[in-house]
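Structure, as structure tokens:
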Amino acid sequence: MTAAAPSAASRIAVVTGASSGIGAATARQLAEAGYRVVLTARRKDRIEGLAEELTGAGHSATAYALDITDRAAVDEFATAFRTIGVLVNNAGGALGADPVATGDPEDWRRMYETNVLGTLNVTQALLPALTASGDGTVVVVSSTAGHATYEGGAGYVAAKHAEHVLAQTLRLEIVGIPVRVIEIAPGMVKTDEFALTRFGGDEDKAAKVYEGVAEPLTADDVADTIAWAVTRPSHVNVDLLVVRPRAQASNTKVHRDL
């Protein structure tokens with residue numbers, strides 16, 4: 001099945017967390033698919049650099065510095081759009097890997113605010129514009145952590161479970177409205193920042209996450225999955241797509257050549 005080109009009414013795609021990793025890779029692939037991409041993230045310099053890269057390649061891209069946990073800022077951002085076709089809720093992340101008994105409540109709060117409330121803020125604010133397009137798509141980039149737990153991951157797992165339920169419930173609540181809700185749940189993805197951020201910049205701990213794994217997923221692998229799901233014909237809804245590297249059978253079963 002070939003990719004469906006975006007219609008004139010739905011060719012704008014907003015990508016959150018577009019400053020690096022999966023978000024940046026998704027913006028590149030959606031731009032190549034013909035979307036006018038709007039890049040949002042807190043790091044203005046990063047998204048402006050990506051916007052310049054994309055426009056230099058002949059695509060349409062705009063950078064907008066945005067903290068998705070700031071509801072007033074999100075609401076102001078949303079006023080710029082009468083219609084949009086795609087929202088990719090990618091911003092989020094993990095902090096720490098402590099057991100429940102000693103986990104930092106502040107890390108839990110920050111993960112909930114970015115992964116769950118941030119997704120809620122942007123989705124609520126842009127849902128009218130998505131509906132007005134007559135052919136909208138909401139993508140929630142969750143994680144396999146949102147479907148099964150693992151030791152040391154409770155805070156992140158809890159946030160991603162909530163994000164999964166948000167997507168699942170929204171799909172039920174807006175059935176009949178011309179907006180699809182797609183959840184992409186990646187497993188082990190090796191990016192420049194995810195594990196490093198999780199472990200507070202500790203490069204040794206970050207490296208051990210991928211130690212011995214020949215080919216973890218890349219940001220491009222996940223972005224390719226997102227772009228494929230988004231460009232299906234309008235009547236096709238990819239409710240949930242779990243994607244892992246071949247070496248990972250579950251969150252706790254990973255083949256390592258050590």
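Naming works like this for the structure tokens: A, B, ... for the chains as they're shown, residue 1 at the start of each chain, ligands 1 onward in shown order.
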Q: For Ile226 (chain A), work out the shell of residues within 12 Å, counting only C-alpha atoms and skipping chain neighbours fewer than 5 positions away, then give it as a VMD selection string.
A: chain A and resid 15 22 to 23 25 to 30 33 86 to 90 137 to 142 182 to 186 219 to 221 231 to 232 238 to 243
Within 6 Å of Thr114 (chain A), counting only C-alpha atoms, which residues qualify if same-chain residues fewer than 3 places away don't, as a PDB file with N, CA and C atoms, in the first residue's frame?
```pdb
ATOM      1  N   GLY A  92       8.647  14.037  26.071  1.00  0.00           N
ATOM      2  CA  GLY A  92       8.537  13.240  27.293  1.00  0.00           C
ATOM      3  C   GLY A  92       9.916  12.802  27.733  1.00  0.00           C
ATOM      4  N   MET A 111       8.141  13.514  35.425  1.00  0.00           N
ATOM      5  CA  MET A 111       7.808  12.572  34.349  1.00  0.00           C
ATOM      6  C   MET A 111       6.316  12.595  34.045  1.00  0.00           C
ATOM      7  N   GLY A 118       1.640  17.083  29.655  1.00  0.00           N
ATOM      8  CA  GLY A 118       2.080  17.766  28.438  1.00  0.00           C
ATOM      9  C   GLY A 118       1.311  17.275  27.230  1.00  0.00           C
TER      10      GLY A 118
END
```
Q: Give the helix (DSSP H, G or I) residues of region 38-131 of chain A, as DSSP finds them on the backbone, and put them as a PyMOL selection string.
A: chain A and resi 44-56+71-78+105-131
Q) Which residues come within 9 Å of Arg46 (chain A), counting only C-alpha atoms, excluding same-chain residues fewer than 3 positions away, as a PyMOL selection string? A) chain A and resi 18-20+41-43+49-51
Q: Can you pull out every residue within 10 Å of Ala159 (chain A), counting only C-alpha atoms, but drop anything in the same chain fewer than 2 positions away, and send it as an MDAnalysis selection string?
A: chainID A and resid 92:94 108:117 142:143 145:146 154:157 161:165
For the residues in that selection, give me N, CA and C atoms as a PDB file, in the first residue's frame.
```pdb
ATOM      1  N   GLY A  92       8.647  14.037  26.071  1.00  0.00           N
ATOM      2  CA  GLY A  92       8.537  13.240  27.293  1.00  0.00           C
ATOM      3  C   GLY A  92       9.916  12.802  27.733  1.00  0.00           C
ATOM      4  N   GLY A  93       9.983  11.640  28.377  1.00  0.00           N
ATOM      5  CA  GLY A  93      11.283  11.126  28.798  1.00  0.00           C
ATOM      6  C   GLY A  93      11.245  10.495  30.167  1.00  0.00           C
ATOM      7  N   ALA A  94      12.381   9.893  30.525  1.00  0.00           N
ATOM      8  CA  ALA A  94      12.516   9.173  31.794  1.00  0.00           C
ATOM      9  C   ALA A  94      13.545   9.853  32.678  1.00  0.00           C
ATOM     10  N   TRP A 108       9.278  11.579  39.717  1.00  0.00           N
ATOM     11  CA  TRP A 108       7.961  11.046  39.333  1.00  0.00           C
ATOM     12  C   TRP A 108       7.049  12.181  38.860  1.00  0.00           C
ATOM     13  N   ARG A 109       7.040  13.271  39.599  1.00  0.00           N
ATOM     14  CA  ARG A 109       6.174  14.404  39.252  1.00  0.00           C
ATOM     15  C   ARG A 109       6.560  14.979  37.895  1.00  0.00           C
ATOM     16  N   ARG A 110       7.862  15.169  37.670  1.00  0.00           N
ATOM     17  CA  ARG A 110       8.322  15.742  36.405  1.00  0.00           C
ATOM     18  C   ARG A 110       7.989  14.816  35.233  1.00  0.00           C
ATOM     19  N   MET A 111       8.141  13.514  35.425  1.00  0.00           N
ATOM     20  CA  MET A 111       7.808  12.572  34.349  1.00  0.00           C
ATOM     21  C   MET A 111       6.316  12.595  34.045  1.00  0.00           C
ATOM     22  N   TYR A 112       5.498  12.698  35.082  1.00  0.00           N
ATOM     23  CA  TYR A 112       4.048  12.751  34.857  1.00  0.00           C
ATOM     24  C   TYR A 112       3.670  14.039  34.133  1.00  0.00           C
ATOM     25  N   GLU A 113       4.288  15.141  34.534  1.00  0.00           N
ATOM     26  CA  GLU A 113       3.948  16.425  33.914  1.00  0.00           C
ATOM     27  C   GLU A 113       4.327  16.457  32.431  1.00  0.00           C
ATOM     28  N   THR A 114       5.510  15.924  32.081  1.00  0.00           N
ATOM     29  CA  THR A 114       5.938  15.983  30.685  1.00  0.00           C
ATOM     30  C   THR A 114       5.234  14.933  29.827  1.00  0.00           C
ATOM     31  N   ASN A 115       5.217  13.692  30.298  1.00  0.00           N
ATOM     32  CA  ASN A 115       4.674  12.610  29.483  1.00  0.00           C
ATOM     33  C   ASN A 115       3.153  12.620  29.406  1.00  0.00           C
ATOM     34  N   VAL A 116       2.496  12.977  30.493  1.00  0.00           N
ATOM     35  CA  VAL A 116       1.036  12.862  30.555  1.00  0.00           C
ATOM     36  C   VAL A 116       0.349  14.229  30.423  1.00  0.00           C
ATOM     37  N   LEU A 117       0.636  15.127  31.342  1.00  0.00           N
ATOM     38  CA  LEU A 117      -0.040  16.420  31.294  1.00  0.00           C
ATOM     39  C   LEU A 117       0.380  17.228  30.076  1.00  0.00           C
ATOM     40  N   SER A 142       4.248   6.622  22.936  1.00  0.00           N
ATOM     41  CA  SER A 142       4.332   6.158  24.319  1.00  0.00           C
ATOM     42  C   SER A 142       5.609   5.335  24.489  1.00  0.00           C
ATOM     43  N   SER A 143       5.482   4.097  24.891  1.00  0.00           N
ATOM     44  CA  SER A 143       6.636   3.232  25.110  1.00  0.00           C
ATOM     45  C   SER A 143       6.116   1.853  25.467  1.00  0.00           C
ATOM     46  N   ALA A 145       7.069   0.582  27.914  1.00  0.00           N
ATOM     47  CA  ALA A 145       6.911   0.766  29.361  1.00  0.00           C
ATOM     48  C   ALA A 145       5.462   1.057  29.727  1.00  0.00           C
ATOM     49  N   GLY A 146       4.677   1.507  28.765  1.00  0.00           N
ATOM     50  CA  GLY A 146       3.272   1.771  29.012  1.00  0.00           C
ATOM     51  C   GLY A 146       2.403   0.535  28.942  1.00  0.00           C
ATOM     52  N   ALA A 154       9.471   2.110  37.753  1.00  0.00           N
ATOM     53  CA  ALA A 154       8.075   2.369  38.141  1.00  0.00           C
ATOM     54  C   ALA A 154       7.588   3.775  37.813  1.00  0.00           C
ATOM     55  N   GLY A 155       8.401   4.791  38.048  1.00  0.00           N
ATOM     56  CA  GLY A 155       7.957   6.159  37.780  1.00  0.00           C
ATOM     57  C   GLY A 155       7.686   6.395  36.310  1.00  0.00           C
ATOM     58  N   TYR A 156       8.596   5.943  35.468  1.00  0.00           N
ATOM     59  CA  TYR A 156       8.432   6.090  34.025  1.00  0.00           C
ATOM     60  C   TYR A 156       7.304   5.196  33.524  1.00  0.00           C
ATOM     61  N   VAL A 157       7.247   3.975  34.038  1.00  0.00           N
ATOM     62  CA  VAL A 157       6.187   3.029  33.658  1.00  0.00           C
ATOM     63  C   VAL A 157       4.817   3.604  34.008  1.00  0.00           C
ATOM     64  N   HIS A 161       2.056   4.338  31.249  1.00  0.00           N
ATOM     65  CA  HIS A 161       0.752   3.681  31.340  1.00  0.00           C
ATOM     66  C   HIS A 161      -0.363   4.733  31.253  1.00  0.00           C
ATOM     67  N   ALA A 162      -0.171   5.849  31.946  1.00  0.00           N
ATOM     68  CA  ALA A 162      -1.177   6.911  31.911  1.00  0.00           C
ATOM     69  C   ALA A 162      -1.315   7.486  30.509  1.00  0.00           C
ATOM     70  N   GLU A 163      -0.198   7.656  29.821  1.00  0.00           N
ATOM     71  CA  GLU A 163      -0.245   8.190  28.465  1.00  0.00           C
ATOM     72  C   GLU A 163      -0.948   7.216  27.520  1.00  0.00           C
ATOM     73  N   HIS A 164      -0.686   5.924  27.706  1.00  0.00           N
ATOM     74  CA  HIS A 164      -1.381   4.892  26.918  1.00  0.00           C
ATOM     75  C   HIS A 164      -2.887   4.958  27.140  1.00  0.00           C
ATOM     76  N   VAL A 165      -3.301   5.085  28.389  1.00  0.00           N
ATOM     77  CA  VAL A 165      -4.731   5.148  28.710  1.00  0.00           C
ATOM     78  C   VAL A 165      -5.356   6.429  28.160  1.00  0.00           C
TER      79      VAL A 165
END
```
